[in-house]
Amino acid sequence: MAVALILVLVVLGSILFHILSPWWWTPIASNWGYIDDTLIITFWITGAVFSAVILFMAYCVYRFRHKEGAKAAYQPESKRLEWWLTIVTAVGVAAMLAPGLYVWSQFVTVPDDATEVEVVGQQWQWNYRLPGEDGKLGKSDNRLVTFENPLGIDPEDPAGQDDIVIEAGDLHLPIDKPVKMLLRSIDVLHDFYVPEFRAKMDMVPGMVTYFWFTPTRTGTFEVLCAELCGTGHGYMRGIVAVETEEDYLAWLEGQSTFAELSAPQKLGAAEEAEP
Amino acid sequence: MSVILVFLAVVIGFSFWWLFHQKVMEKPWLEHGVHTALPETDVSGMPTAKVALAVFLAVVGSLFALFASAYFMRMDYSDWQAPPLPRILWVNTAILILASVALSCAVRAAREQRRKMTRLALVTAGLATVVFLAGQVTAWRDLAAGGHYLDMNPANGFFYLMTGVHGLHILGGLVALGRTTVKAWDDNVAAEQLRLGVELCAAYWHFLLLVWLGVFVLLAGWAGDLLALCRQILT
Amino acid sequence: MVDATPRAERDIPPAEVPELELYHPKSWWTTYVFSQDAKVIAIQYSGTAVAIGLVALVLSWLMRLQLGFPGTFDFITPEAYYQFITMHGMIMVIYLLTALFLGGFGNYLIPLMVGARDMVFPYVNMLSFWIYLLAVLVLAASFFAPGGPTGAGWTLYPPQAILGGTPGGQDWGIILMLVSLILFIIGFTMGGLNYAVTVIQGRTRGMTLMRMPLTVWGIFTATVMALLAFPALFVACVMMLFDRVLGTSFFMPALVEMGEQLSYGGGSPILFQHLFWFFGHPEVYIVALPAFGIVSDLISTHARKNIFGYRMMVWAIVIIGALSFIVWAHHMYVSGMHPWFGFFFATTTLIIAVPTAIKVYNWVLTLWRGDIHLTVPMLFALAFIVTFVNGGLTGLFLGNVVVDVPLSDTMFVVAHFHMVMGVAPIMVIFGAIYHWYPKITGRMLEDWMGQFHFWVTFVGSYAIFFPMHYVGLVGVPRRYPEIGEAAFMTAPVDNLNAFISVAALIVGFAQMVFLFNLVWSLRFGKEAGPNPWRATSLEWQTPTTPPPHGNWGDERPVVYRWAYDYSVPGAPEDFIPQNDPWPEKVAARPA
């Protein structure tokens with residue numbers, strides 16, 4: 001009796017906690033509302049199954065608990081019932097899988113007009129690189145990383161000269177423009193994770209990984225590292241600011257290119273000569 | 001991971017075939033009582049040691065299939081540079097084949113209960129295997145002398161690693177072979193028992209020869225070439 | 001002299017396989033320490049697993065103290081925290097769960113349940129335990145090594161696992177961990193050969209495969225999977241050891257650590273992940289399948305009803321075992337592998353949910369129209385269903401590739417796998433111990449302590465892990481020693497974390513009652529008799545309890561029926577043991 005009651009309470013408690021608790025995902029700030037939708041579908045289906053199975057179990061425990069002189073029924077199997085349950089389960093699984101795969105195919109198909117933005121992870125800070133006026137990122141290699149060239153940009157590649165380098169600073173992005181985040185690491189695995197964007201991907205040294213999204217809400221968002229990367233993992237935070245086009249361009253003005261950073265003396269000389 | 005998946009498909013396929021012959025489709029609650037139980041000990045007539053060896057070889061096979069998978073996956077990266085194949089590997093291969101042949105002879109001799117012939121074949125196999133191991137060490141030294149050290153390139157790493165793991169398995173086999181050879185000299189050991197021991201050794205040797213041929217093909221680069229060819233045909 | 005054996009039995013031809021000759025221990029040392037008796041080895045395995053498991057339990061308290069009350073405990077630095085989570089995870093998954101289910105329950109139950117006198121290779125079986133013990137000692141030694149144990153996370157992902165930014169990466173920690181794992185795998189292979197071959201070759205007369213209890217099916221299938229999957233971990237460990245000690249670059253790309261170019265280059269961390277999870281996913285089922293099997297027998301025995309759909313249950317175990325080898329990359333959806341793999345692995349992963357769901361239905365349907373005795377083992381079995389269904393369903397979130405993207409690497413994952421492969425199998429372990437303790441010791445475990453232990457453990461662990469999903473939904477990543485307050489949180493999680501920590505401590509201390517019960521009942525427990533649960537399977541039919549070395553006295557039992565003849569219409573009692581020839585002449589019986 002008490003057992004059946006507690007089983008019912010487990011189900012009710014879980015549902016109530018789900019509905020009433022203030023802990024829920026953060027409001028979305030990207031185009032991946034579909035991901036939230038598939039999550040909701042999954043919640044409904046799994047919630048229904050969980051409640052049904054446990055409540056049925058509670059009923060059995062209540063109804064068929066041992067009584068003096070009672071004897072259990074003898075029924076080795078029921079093919080029909082098992083087949084029906086298999087089919088119903090398969091349908092439920094398909095109902096979760098189909099939308100999931102559909103959204104995944106969007107997730108992996110980067111639109112052609114997406115701007116490339118590179119994120120370079122390092123123990124334990126975030127660096128960024130934006131393509132300069134040519135709209136192209138220059139080649140890079142971890143072998144080229146030095147104190148003066150923290151991102152390992154190839155100085156021989158002309159496309160890299162106008163790249164904007166942000167070392168351990170904030171990233172700004174224009175609103176409503178799709179971006180393809182190119183992810184690199186110069187030491188260990190990291191994972192670029194902004195809860196509001198929903199998307200995330202590991203950064204693997206020696207490889208360039210990517211994901212894409214479109215920011216849909218202005219504001220500043222916290223970047224966290226979501227792949228264990230050593231002692232400082234929990235403190236590897238950063239900021240992404242999503243802004244209107246004007247604010248973004250204004251911010252962009254103030255950033256330095258790779259050429260400027262790698263030749264500071266020359267730059268200083270040029271500035272002096274200018275006025 | 002294609003190599004290990006193919007290997008597992010074979011193992012799982014065999015397991016399902018075996019299960020299927022164990023009446024897993026029957027309804028066990030209907031066949032109760034003495035009448036149906038009478039003749040049934042569905043345990044196979046095979047000696048337990050042979051079954052165990054078969055299971056163990058599946059584990060060894062899985063190990064090497066995984067090494068091969070890792071080899072293929074690592075090979076795709078740009079820094080891969082295969083070391084030259086030491087010539088002596090050809091000789092070693094021949095010697096290992098000789099050991100396998102000798103053990104086949106030993107099996108035949110043991111089945112026909114010819115003790116002396118069994119002893120001779122066992123000793124030949126043992127000596128050939130020792131020579132094989134010495135040859136493998138020589139191959140390592142040749143490579144090292146040519147400046148191809150373990151940490152210089154992943155291809156070198158795989159060379160030392162896979163030949164080393166294979167060698168360790170051979171070494172383990174030599175212990176069993178040694179014990180069987182001692183038995184062959186002991187007249188108190190029944191012919192049946194000796195035969196089983198010899199058969200087990202032979203099966204192990206044949207399997208390790210097969211593994212070695214696989215490793216050899218891999219290290220020589222032919223497997224990679226073949227793979228590249230397949231890819232070309234496919235695309 | 002009257003021949004007491006039933007007529008039918010005399011007619012049965014001798015088994016085709018000659019009985020193995022038992023090694024007869026001569027001294028105290030060979031009886032209790034270097035014993036070749038599977039039952040003694042089982043207890044040695046279990047004792048060692050529980051001992052190292054207690055270390056992992058204490059580590060989990062320390063972690064929870066840090067998470068619940070960050071900043072309060074100065075000695076829990078981030079380094080220490082990462083060492084705690086790593087050792088906790090590795091110990092629980094490998095050295096406790098795998099060793100206890102296969103080395104402990106496997107050793108004790110397989111020979112008894114299939115009617116064998118012992119494992120087929122007792123000497124190898126003994127070696128297996130001693131190598132396992134050595135592996136545990138090497139692992140424990142890393143606590144005392146300079147630099148402490150590794151803090152690379154239980155997944156040991158390179159490159160960080162062998163670099164200086166991770167505790168133990170450039171010290172002894174990671175080396176000892178890898179060596180210990182290699183030893184464990186060697187030891188396990190020796191044991192595993194025994195478990196598998198004993199099921200294939202050691203069954204007594206009449207014990208066809210389809211008459212075996214599901215416990216044996218579960219452990220057998222898990223063993224075969226482990227034999228094939230552990231080599232992947234072995235390969236990964238050896239190659240990483242080479243990278244760390246000999247300077248090869250199997251997994252190591254060119255990288256810059258703390259401003260310094262390292263000599264590594266060209267390798268692939270993803271390669272390690274493939275190898276690791278090729279072992280790691282089957283490992284989940286290596287733990288789950290024995291639990292599935294055992295819980296089936298607990299439910300059937302204590303509900304006095306045959307397990308519903310026995311054949312489906314067997315097929316499901318085998319199919320889950322086979323499928324679990326082609327789902328590994330669902331742990332790697334956001335690892336940077338080619339995104340097209342996502343389609344394949346999401347599909348296979350969700351397909352595996354179908355046979356698993358069937359097992360759940362069949363457990364619950366076994367209760368339907370049963371005669372449910374709410375004994376402590378039964379309570380734990382019910383708790384298993386609750387936690388397993390919960391944890392299994394959240395697996396559908398994480399297995400469905402796009403749903404996994406926001407949730408992966410958050411506390412949701414931690415909550416999911418603790419529920420499904422932490423709490424659920426441990427419920428089965430507890431249930432199994434309450435169930436078989438009378439056979440092992442001859443005495444019952446004290447019931448009120450068992451009830452107390454059950455309620456605190458079940459309600460407590462649900463209270464730990466159910467809310468933890470929501471910490472993850474909020475967006476809190478896993479493996480953070482503290483999260484603090486962040487702008488993305490819809491509500492601060494510190495109260496929830498503190499609540500979870502308190503629950504964890506309470507559950508942890510309730511285990512002390514259990515341990516006390518184990519010791520106390522050994523002396524003061526009620527006498528159990530040979531078959532206190534009135535169960536059908538062979539281990540309850542031994543001539544003496546606890547069963548001696550050799551198990552069966554003069555004659556091995558002969559099996560006449562499957563393991564689930566409960567409440568058979570017309571039978572004198574509500575159970576018919578497997579070795580009972582009733583009725584000698586078989587009457588037609590409703591199917």
# chains A, B, ... in the order shown; residues from 1 in each chain; ligands from 1
call {"tool": "residues_around", "arguments": {"residues": "Ile95 (chain B)", "least_positions_apart": "6", "cutoff": "8 Å", "atoms": "only C-alpha atoms", "output": "number ranges by chain"}}
result
B: 128-129, 131-132
call {"tool": "select_by_dssp", "arguments": {"residues": "region 38-242 of chain A", "states": "helix (DSSP H, G or I)", "output": "MDAnalysis selection string"}}
result
chainID A and resid 38:63 79:107 142:144 158:161 195:197 233:235
call {"tool": "residues_around", "arguments": {"residues": "Ala141 (chain C)", "least_positions_apart": "5", "cutoff": "10 Å", "atoms": "only C-alpha atoms", "output": "list in words"}}
result
Ala135, Val136, Gly148, Pro149, Trp172, Gly173, Leu176, Met177 and Ser180 of chain C
call {"tool": "residues_around", "arguments": {"residues": "Val165 (chain A)", "least_positions_apart": "6", "cutoff": "12 Å", "atoms": "only C-alpha atoms", "output": "ChimeraX atom specification"}}
result
/A:117-120,126-132,137-138,148-153,171,252,254-262
call {"tool": "write_last_selection", "arguments": {"atoms": "N, CA and C atoms", "output": "compact mmCIF listing (two decimals), in the first residue's frame"}}
result
# COMPACT_ATOMS: atom_id res chain seq x y z
N VAL A 117 33.67 33.29 -38.54
CA VAL A 117 34.30 33.86 -37.35
C VAL A 117 35.09 32.75 -36.72
N GLU A 118 36.33 33.02 -36.40
CA GLU A 118 37.13 31.95 -35.82
C GLU A 118 37.26 32.14 -34.32
N VAL A 119 37.10 31.04 -33.58
CA VAL A 119 37.32 31.05 -32.15
C VAL A 119 38.53 30.18 -31.89
N VAL A 120 39.48 30.67 -31.13
CA VAL A 120 40.66 29.87 -30.82
C VAL A 120 40.72 29.67 -29.31
N TRP A 126 39.66 32.68 -24.25
CA TRP A 126 39.10 32.63 -25.60
C TRP A 126 39.73 33.71 -26.44
N ASN A 127 40.18 33.34 -27.64
CA ASN A 127 40.66 34.31 -28.60
C ASN A 127 39.78 34.20 -29.84
N TYR A 128 39.73 35.31 -30.57
CA TYR A 128 38.87 35.32 -31.76
C TYR A 128 39.62 35.90 -32.93
N ARG A 129 39.17 35.53 -34.11
CA ARG A 129 39.74 36.12 -35.32
C ARG A 129 38.60 36.35 -36.30
N LEU A 130 38.54 37.56 -36.83
CA LEU A 130 37.51 37.88 -37.82
C LEU A 130 38.20 38.13 -39.15
N PRO A 131 37.55 37.73 -40.25
CA PRO A 131 38.18 38.04 -41.55
C PRO A 131 38.18 39.55 -41.75
N GLY A 132 39.23 40.05 -42.33
CA GLY A 132 39.30 41.49 -42.54
C GLY A 132 38.48 41.92 -43.75
N LEU A 137 39.68 34.36 -44.08
CA LEU A 137 40.63 34.12 -42.99
C LEU A 137 41.91 33.55 -43.58
N GLY A 138 43.05 34.03 -43.10
CA GLY A 138 44.32 33.50 -43.59
C GLY A 138 44.59 32.12 -43.02
N GLU A 148 54.30 36.51 -30.02
CA GLU A 148 53.81 37.62 -30.82
C GLU A 148 52.65 37.21 -31.72
N ASN A 149 52.55 35.91 -32.00
CA ASN A 149 51.53 35.41 -32.93
C ASN A 149 50.71 34.34 -32.22
N PRO A 150 49.88 34.75 -31.26
CA PRO A 150 49.24 33.77 -30.36
C PRO A 150 48.29 32.84 -31.09
N LEU A 151 47.80 33.20 -32.26
CA LEU A 151 46.84 32.34 -32.94
C LEU A 151 47.49 31.50 -34.03
N GLY A 152 48.79 31.66 -34.22
CA GLY A 152 49.46 30.85 -35.22
C GLY A 152 49.04 31.19 -36.64
N ILE A 153 48.81 32.46 -36.94
CA ILE A 153 48.42 32.86 -38.30
C ILE A 153 49.65 32.83 -39.19
N LEU A 171 33.91 39.00 -27.90
CA LEU A 171 33.52 38.89 -29.31
C LEU A 171 32.23 39.66 -29.49
N LEU A 252 34.04 47.26 -34.44
CA LEU A 252 35.01 46.68 -35.35
C LEU A 252 36.13 47.69 -35.67
N GLY A 254 37.54 49.72 -33.83
CA GLY A 254 38.54 49.82 -32.76
C GLY A 254 39.46 48.62 -32.65
N GLN A 255 39.29 47.61 -33.49
CA GLN A 255 40.10 46.39 -33.35
C GLN A 255 41.34 46.44 -34.24
N SER A 256 42.33 45.64 -33.88
CA SER A 256 43.58 45.66 -34.64
C SER A 256 43.67 44.45 -35.56
N THR A 257 44.34 44.64 -36.68
CA THR A 257 44.53 43.52 -37.60
C THR A 257 45.82 42.80 -37.24
N PHE A 258 45.97 41.65 -37.87
CA PHE A 258 47.17 40.84 -37.62
C PHE A 258 48.42 41.62 -38.03
N ALA A 259 48.33 42.32 -39.19
CA ALA A 259 49.48 43.08 -39.68
C ALA A 259 49.88 44.14 -38.66
N GLU A 260 48.90 44.82 -38.13
CA GLU A 260 49.20 45.86 -37.14
C GLU A 260 49.86 45.26 -35.90
N LEU A 261 49.31 44.12 -35.47
CA LEU A 261 49.83 43.52 -34.23
C LEU A 261 51.23 42.98 -34.41
N SER A 262 51.53 42.42 -35.61
CA SER A 262 52.83 41.78 -35.78
C SER A 262 53.92 42.79 -36.13
call {"tool": "residues_around", "arguments": {"residues": "Gly232 (chain A)", "least_positions_apart": "3", "cutoff": "8 Å", "atoms": "only C-alpha atoms", "output": "VMD selection string"}}
result
(chain A and resid 123 to 124 229 235 to 236) or (chain C and resid 78)
call {"tool": "write_last_selection", "arguments": {"atoms": "C-alpha atoms", "output": "mmCIF file, in the first residue's frame"}}
result
data_model
loop_
_atom_site.group_PDB
_atom_site.id
_atom_site.type_symbol
_atom_site.label_atom_id
_atom_site.label_comp_id
_atom_site.auth_asym_id
_atom_site.auth_seq_id
_atom_site.Cartn_x
_atom_site.Cartn_y
_atom_site.Cartn_z
ATOM 1 C CA GLN A 123 44.198 27.181 -21.593
ATOM 2 C CA TRP A 124 42.228 29.081 -20.275
ATOM 3 C CA CYS A 229 40.479 21.255 -20.439
ATOM 4 C CA TYR A 235 36.954 29.485 -14.956
ATOM 5 C CA MET A 236 37.349 29.665 -18.709
ATOM 6 C CA PRO C 78 40.056 22.769 -8.559
#
call {"tool": "atom_distance", "arguments": {"atom1": "CA of Leu171 (chain B)", "atom2": "CA of Ile41 (chain C)"}}
result
28.3 Å
call {"tool": "closest_residue", "arguments": {"among": "C:Asp574, C:Glu527, C:Asp565, C:Glu485", "to": "chain B", "atoms": "only C-alpha atoms"}}
result
C:Asp565
call {"tool": "interface_residues", "arguments": {"of": "chain A", "to": "chain B", "cutoff": "12 Å", "atoms": "only C-alpha atoms", "output": "ChimeraX atom specification"}}
result
/A:74-79,206-207
call {"tool": "write_last_selection", "arguments": {"atoms": "N, CA and C atoms", "output": "short mmCIF file (atom, residue, chain, number, x, y, z; two decimals), in the first residue's frame"}}
result
data_model
loop_
_atom_site.label_atom_id
_atom_site.label_comp_id
_atom_site.auth_asym_id
_atom_site.auth_seq_id
_atom_site.Cartn_x
_atom_site.Cartn_y
_atom_site.Cartn_z
N TYR A 74 -0.89 -17.82 -14.34
CA TYR A 74 0.17 -18.47 -15.10
C TYR A 74 0.04 -18.06 -16.55
N GLN A 75 0.95 -17.24 -17.01
CA GLN A 75 0.90 -16.79 -18.41
C GLN A 75 2.32 -16.53 -18.90
N PRO A 76 2.89 -17.48 -19.64
CA PRO A 76 4.29 -17.31 -20.05
C PRO A 76 4.51 -16.11 -20.96
N GLU A 77 3.64 -15.90 -21.93
CA GLU A 77 3.84 -14.74 -22.81
C GLU A 77 2.56 -14.48 -23.57
N SER A 78 2.54 -13.34 -24.21
CA SER A 78 1.42 -13.03 -25.08
C SER A 78 2.00 -12.34 -26.29
N LYS A 79 2.06 -13.08 -27.37
CA LYS A 79 2.73 -12.57 -28.55
C LYS A 79 2.08 -11.29 -29.05
N GLY A 206 44.65 20.79 -33.95
CA GLY A 206 44.99 20.09 -35.17
C GLY A 206 43.85 19.99 -36.16
N MET A 207 42.67 20.48 -35.76
CA MET A 207 41.50 20.39 -36.64
C MET A 207 40.75 21.71 -36.58
#
call {"tool": "residues_around", "arguments": {"residues": "region 139-149 of chain B", "least_positions_apart": "3", "cutoff": "7 Å", "atoms": "only C-alpha atoms", "output": "list of chain:residue names"}}
result
B:Pro83, B:Pro86, B:Ile88, B:Leu89, B:Gly135, B:Gln136, B:Met152, B:Asn156
call {"tool": "write_last_selection", "arguments": {"atoms": "C-alpha atoms", "output": "JSON list (two decimals), in the first residue's frame"}}
result
[["chain", "number", "residue", "atom", "x", "y", "z"],
["B", 83, "PRO", "CA", 59.27, 3.42, -42.71],
["B", 86, "PRO", "CA", 63.02, -4.41, -43.28],
["B", 88, "ILE", "CA", 64.27, -9.69, -42.95],
["B", 89, "LEU", "CA", 60.51, -9.66, -42.44],
["B", 135, "GLY", "CA", 64.27, -12.14, -36.51],
["B", 136, "GLN", "CA", 61.67, -9.66, -35.34],
["B", 152, "MET", "CA", 59.69, 9.90, -35.12],
["B", 156, "ASN", "CA", 57.10, 3.80, -36.97]]
call {"tool": "residues_around", "arguments": {"residues": "Trp540 (chain C)", "least_positions_apart": "2", "cutoff": "12 Å", "atoms": "only C-alpha atoms", "output": "PyMOL selection string"}}
result
chain C and resi 109+112-115+301+435-440+442+528-538+542-547+551-552+557+563+576-579
call {"tool": "closest_atom_pairs", "arguments": {"of": "chain A", "to": "chain C", "cutoff": "7 Å", "atoms": "only C-alpha atoms", "output": "Markdown table"}}
result
| residue | atom | partner | partner_atom | distance |
| --- | --- | --- | --- | --- |
| A:Pro22 | CA | C:Ala491 | CA | 5.9 |
| A:Trp23 | CA | C:Ala491 | CA | 5.7 |
| A:Trp24 | CA | C:Val474 | CA | 5.1 |
| A:Trp25 | CA | C:Val474 | CA | 4.4 |
| A:Thr26 | CA | C:Phe488 | CA | 5.7 |
| A:Ile35 | CA | C:Val403 | CA | 6.1 |
| A:Thr38 | CA | C:Val403 | CA | 6.6 |
| A:Leu39 | CA | C:Val403 | CA | 5.9 |
| A:Thr42 | CA | C:Phe397 | CA | 6.6 |
| A:Thr46 | CA | C:Leu393 | CA | 5.8 |
| A:Phe50 | CA | C:Val389 | CA | 6.6 |
| A:Ile54 | CA | C:Val386 | CA | 6.6 |
| A:Met57 | CA | C:Val364 | CA | 6.0 |
| A:Cys60 | CA | C:Trp368 | CA | 5.6 |
| A:Val61 | CA | C:Ile372 | CA | 6.8 |
| A:Phe64 | CA | C:Asp371 | CA | 5.7 |
| A:Arg65 | CA | C:Ile372 | CA | 4.5 |
| A:His66 | CA | C:Ile372 | CA | 4.9 |
| A:Ala70 | CA | C:Asp371 | CA | 6.5 |
| A:Lys71 | CA | C:Asp371 | CA | 5.9 |
| A:Ala72 | CA | C:Gly370 | CA | 4.3 |
| A:Ala73 | CA | C:Arg369 | CA | 5.7 |
| A:Tyr74 | CA | C:Val568 | CA | 6.1 |
| A:Pro76 | CA | C:Phe308 | CA | 5.5 |
| A:Glu77 | CA | C:Gly309 | CA | 4.3 |
| A:Ser78 | CA | C:Gly309 | CA | 6.9 |
| A:Thr86 | CA | C:Ile358 | CA | 6.6 |
| A:Thr89 | CA | C:Val354 | CA | 6.2 |
| A:Ala90 | CA | C:Val354 | CA | 6.3 |
| A:Val93 | CA | C:Leu350 | CA | 6.5 |
| A:Leu97 | CA | C:Asn400 | CA | 6.3 |
| A:Gly100 | CA | C:Val402 | CA | 5.7 |
| A:Leu101 | CA | C:Phe343 | CA | 6.4 |
| A:Val103 | CA | C:Val402 | CA | 6.7 |
| A:Trp104 | CA | C:Val402 | CA | 5.2 |
| A:Val108 | CA | C:Pro339 | CA | 6.4 |
| A:Asn142 | CA | C:Leu255 | CA | 5.8 |
| A:Arg143 | CA | C:Ala254 | CA | 6.4 |
| A:Thr146 | CA | C:Gly259 | CA | 6.9 |
| A:Phe147 | CA | C:Gly259 | CA | 6.7 |
| A:Ile186 | CA | C:Leu255 | CA | 5.4 |
| A:Asp187 | CA | C:Leu255 | CA | 4.9 |
| A:Val188 | CA | C:Gln160 | CA | 5.4 |
| A:Pro195 | CA | C:Gly475 | CA | 5.8 |
| A:Arg198 | CA | C:Pro406 | CA | 4.8 |
| A:Ala199 | CA | C:Pro406 | CA | 5.9 |
| A:Lys200 | CA | C:Val405 | CA | 6.3 |
| A:Met201 | CA | C:Val334 | CA | 4.8 |
| A:Asp202 | CA | C:Ser335 | CA | 5.0 |
| A:Pro205 | CA | C:Pro253 | CA | 6.3 |
| A:Gly206 | CA | C:Pro253 | CA | 5.4 |
| A:Thr209 | CA | C:Gly336 | CA | 5.4 |
| A:Ala226 | CA | C:Asp409 | CA | 5.8 |
| A:Glu227 | CA | C:Asp409 | CA | 6.8 |
| A:Leu228 | CA | C:Arg479 | CA | 6.7 |
| A:Cys229 | CA | C:Gln160 | CA | 6.2 |
| A:Gly230 | CA | C:Thr166 | CA | 4.4 |
| A:Thr231 | CA | C:Glu79 | CA | 5.6 |
| A:Gly234 | CA | C:Tyr480 | CA | 4.6 |
call {"tool": "write_last_selection", "arguments": {"atoms": "C-alpha atoms", "output": "mmCIF file, in the first residue's frame"}}
result
data_model
loop_
_atom_site.group_PDB
_atom_site.id
_atom_site.type_symbol
_atom_site.label_atom_id
_atom_site.label_comp_id
_atom_site.auth_asym_id
_atom_site.auth_seq_id
_atom_site.Cartn_x
_atom_site.Cartn_y
_atom_site.Cartn_z
ATOM 1 C CA PRO A 22 11.961 27.859 -11.707
ATOM 2 C CA TRP A 23 14.846 25.940 -13.240
ATOM 3 C CA TRP A 24 14.386 25.882 -16.949
ATOM 4 C CA TRP A 25 16.440 26.617 -19.996
ATOM 5 C CA THR A 26 17.513 30.134 -20.628
ATOM 6 C CA ILE A 35 16.031 22.443 -31.129
ATOM 7 C CA THR A 38 12.323 18.787 -30.500
ATOM 8 C CA LEU A 39 13.224 18.921 -26.821
ATOM 9 C CA THR A 42 10.789 14.517 -26.402
ATOM 10 C CA THR A 46 9.025 10.467 -22.477
ATOM 11 C CA PHE A 50 7.343 7.417 -17.603
ATOM 12 C CA ILE A 54 5.248 3.769 -13.165
ATOM 13 C CA MET A 57 3.414 -0.554 -11.763
ATOM 14 C CA CYS A 60 -0.065 -3.718 -9.914
ATOM 15 C CA VAL A 61 1.698 -3.402 -6.577
ATOM 16 C CA PHE A 64 -1.747 -7.804 -6.659
ATOM 17 C CA ARG A 65 0.176 -7.462 -3.416
ATOM 18 C CA HIS A 66 0.440 -10.700 -1.508
ATOM 19 C CA ALA A 70 -3.669 -15.770 -3.305
ATOM 20 C CA LYS A 71 -2.028 -17.395 -6.271
ATOM 21 C CA ALA A 72 -0.435 -15.721 -9.229
ATOM 22 C CA ALA A 73 -1.768 -16.261 -12.727
ATOM 23 C CA TYR A 74 0.172 -18.473 -15.103
ATOM 24 C CA PRO A 76 4.290 -17.308 -20.050
ATOM 25 C CA GLU A 77 3.838 -14.744 -22.809
ATOM 26 C CA SER A 78 1.415 -13.030 -25.080
ATOM 27 C CA THR A 86 6.829 -3.078 -29.867
ATOM 28 C CA THR A 89 7.247 1.981 -28.966
ATOM 29 C CA ALA A 90 8.697 2.063 -32.466
ATOM 30 C CA VAL A 93 10.724 6.504 -31.105
ATOM 31 C CA LEU A 97 13.824 10.679 -34.234
ATOM 32 C CA GLY A 100 15.469 15.339 -34.604
ATOM 33 C CA LEU A 101 17.122 14.246 -37.834
ATOM 34 C CA VAL A 103 16.656 19.657 -37.493
ATOM 35 C CA TRP A 104 20.099 18.055 -37.491
ATOM 36 C CA VAL A 108 24.921 20.713 -40.390
ATOM 37 C CA ASN A 142 49.701 25.598 -34.305
ATOM 38 C CA ARG A 143 53.372 25.248 -35.239
ATOM 39 C CA THR A 146 54.598 32.310 -30.716
ATOM 40 C CA PHE A 147 54.244 35.001 -28.088
ATOM 41 C CA ILE A 186 46.095 25.512 -29.758
ATOM 42 C CA ASP A 187 46.493 23.146 -26.827
ATOM 43 C CA VAL A 188 43.785 20.795 -25.582
ATOM 44 C CA PRO A 195 23.732 28.524 -23.406
ATOM 45 C CA ARG A 198 21.898 26.282 -27.946
ATOM 46 C CA ALA A 199 24.606 25.178 -30.390
ATOM 47 C CA LYS A 200 27.994 24.005 -29.219
ATOM 48 C CA MET A 201 30.954 22.098 -30.597
ATOM 49 C CA ASP A 202 34.286 20.807 -29.358
ATOM 50 C CA PRO A 205 43.821 20.935 -31.681
ATOM 51 C CA GLY A 206 44.991 20.087 -35.174
ATOM 52 C CA THR A 209 35.481 22.228 -36.363
ATOM 53 C CA ALA A 226 32.079 22.729 -22.026
ATOM 54 C CA GLU A 227 34.895 20.231 -22.517
ATOM 55 C CA LEU A 228 37.231 19.460 -19.644
ATOM 56 C CA CYS A 229 40.479 21.255 -20.439
ATOM 57 C CA GLY A 230 42.521 21.114 -17.274
ATOM 58 C CA THR A 231 42.579 22.863 -13.928
ATOM 59 C CA GLY A 234 35.597 25.982 -14.696
#
call {"tool": "select_by_dssp", "arguments": {"residues": "region 34-246 of chain A", "states": "strand (DSSP E or B)", "output": "PyMOL selection string"}}
result
chain A and resi 65+115-122+125-130+140+153+164-167+171-174+179-185+190-193+200-203+209-213+215+219-225+238-243
call {"tool": "closest_residue", "arguments": {"among": "C:Ala504, C:Met419, C:Ala329, C:Ala381", "to": "chain B", "atoms": "only C-alpha atoms"}}
result
C:Ala329
call {"tool": "atom_distance", "arguments": {"atom1": "CA of Thr138 (chain B)", "atom2": "CA of Trp212 (chain B)"}}
result
16.4 Å
call {"tool": "decode", "arguments": {"residues": "region 542-546 of chain C", "atoms": "N, CA and C atoms", "output": "compact mmCIF listing (two decimals), in the first residue's frame"}}
result
# COMPACT_ATOMS: atom_id res chain seq x y z
N THR C 542 20.85 -26.63 -3.68
CA THR C 542 22.07 -27.32 -3.28
C THR C 542 21.81 -28.16 -2.04
N PRO C 543 22.48 -29.28 -1.92
CA PRO C 543 22.24 -30.15 -0.76
C PRO C 543 22.62 -29.48 0.56
N THR C 544 23.62 -28.64 0.57
CA THR C 544 23.95 -27.92 1.80
C THR C 544 23.97 -26.43 1.52
N THR C 545 23.67 -25.65 2.57
CA THR C 545 23.71 -24.20 2.48
C THR C 545 24.56 -23.69 3.63
N PRO C 546 25.54 -22.84 3.38
CA PRO C 546 26.06 -22.42 2.08
C PRO C 546 26.68 -23.59 1.33
